[in-house]
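Participant: Pasting a structure below so you can have a look.
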Amino acid sequence: MFFKAFTRLFRRQPAAVVIPTTELLRDLTKVESLPTLSDTSLRALQLIHNPHTTLADVTEVVRRDGILTAGILKLANSLAYRGKYPTEDVGKAILRLGLNGCRQVIAAVGVSSVFKHRWPHVEEACEVLLRHALFTAILASRLNKAAQLGFQGEEFTAGLLHDVGRIIIGTRVPHWFSQLEVLSFHEDAETLARERKWLRIDHCYVGAEFAKANRLPDSVTSVILHHHEPESEKRYPVLVALVAMADALANHVQRDHKVTNLRVEQLRGVGVLAQRVGTDACQALAEAIPTTVVGALRETRAMLRITPTS
């Protein structure tokens, strides 16, 4: 069962809480203290966000990178995408996945190093957050299709990186995880307030600093900064609200392991979406949730198998 993989990670007793110093918190805001994406990852992310990218462009990039080649083949032969017969031909695998599927592989592989940049004492936390990030990204992508919102991959990348601030803070202040219970998926209106109480800063701000330092698109930076407060976003309100909804839905599923008790109208971001894209689109989102969750769980399992392990 997919959800058992999450519950196994919560068996250890939390360590004693240590409140971080002001000096350490101040250092977290410095650009030079943040991890950096590789040049290859940045080029790949630029490729997938270019609306003029073709399958031929993707094929050229994939064939030059052994890790991407392996990822494309693994995903194409997974239960989520596999046809009648498996394939070992990269060209056929790319055709099977299509442009959007290949974009997702490139994004997942490209940013996975951020989640692998860790110390042993936060290894399990990083693994949980990687699962959550992938699940959120895939939900955002599928919800985008269901409501025909027109995003072309930016929703996947933004979903993948929305909680990167938690990774950055967690690797420097490991006791933060046990103090704020970020791995319980019980986020609420006070989540950021609790972070600011203990850390004098929140994971959204730290994540946005990471995005700026790595020259990520403004739209992705906005999602990272405002996914807990989508009503505050002015430049990219629909994208931010979509990822906020996907994040809230992922938290609900990973916490309750079901959607039968879900009240869609209470999901973060739904109100903004209703104002911006109309009730018909929101109705389409609500109706798509059961099948979207099932498909996203299956796809998340497949994506987890293609991310580098070291």
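In the structure tokens, the first chain shown is A, the next is B, and so on; residue numbers restart at 1 for each chain, and ligands run from 1 in the order shown.
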Can you pull out the residues contacting Leu139 in chain A? Cut-off 9 Å, using only C-alpha atoms, and skip same-chain residues under 4 positions away; I want them as a ChimeraX atom specification.

Facilitator: /A:134-135,143-144,156,159,243,246-247,249-250,289,292-293,295-297

Participant: For a quick check of understanding, using only C-alpha atoms, which of A:Val173, A:Ala274, A:Ala244, A:Ala80 has the smallest distance to Ala158 in chain A?

Facilitator: A:Ala244

Participant: Could you pull out the residues in range 159-278 of chain A that DSSP calls alpha helix (DSSP H) from the backbone, as number ranges by chain?

Facilitator: A: 159-161, 164-172, 175-180, 191-199, 203-213, 218-226, 237-256, 270-277

Participant: Set out as a tab-separated table a contact list for range 45-127 of chain A and range 180-201 of chain A with a cut-off of 12 Å, giving each residue of range 45-127 of chain A that qualifies its closest atom pair and distance in Å to one decimal, counting only C-alpha atoms, ordered by chain and rising residue number.

Facilitator:
residue	atom	partner	partner_atom	distance
A:Val122	CA	A:Leu183	CA	11.5
A:Glu124	CA	A:Leu183	CA	10.0
A:Ala125	CA	A:Leu183	CA	7.2
A:Cys126	CA	A:Leu183	CA	9.8
A:Glu127	CA	A:Leu183	CA	10.5

Participant: Figure out the distance between CA of Asn50 in chain A and CA of Val240 in chain A, please, to one decimal in Å.

Facilitator: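 So the answer is 19.4 Å.
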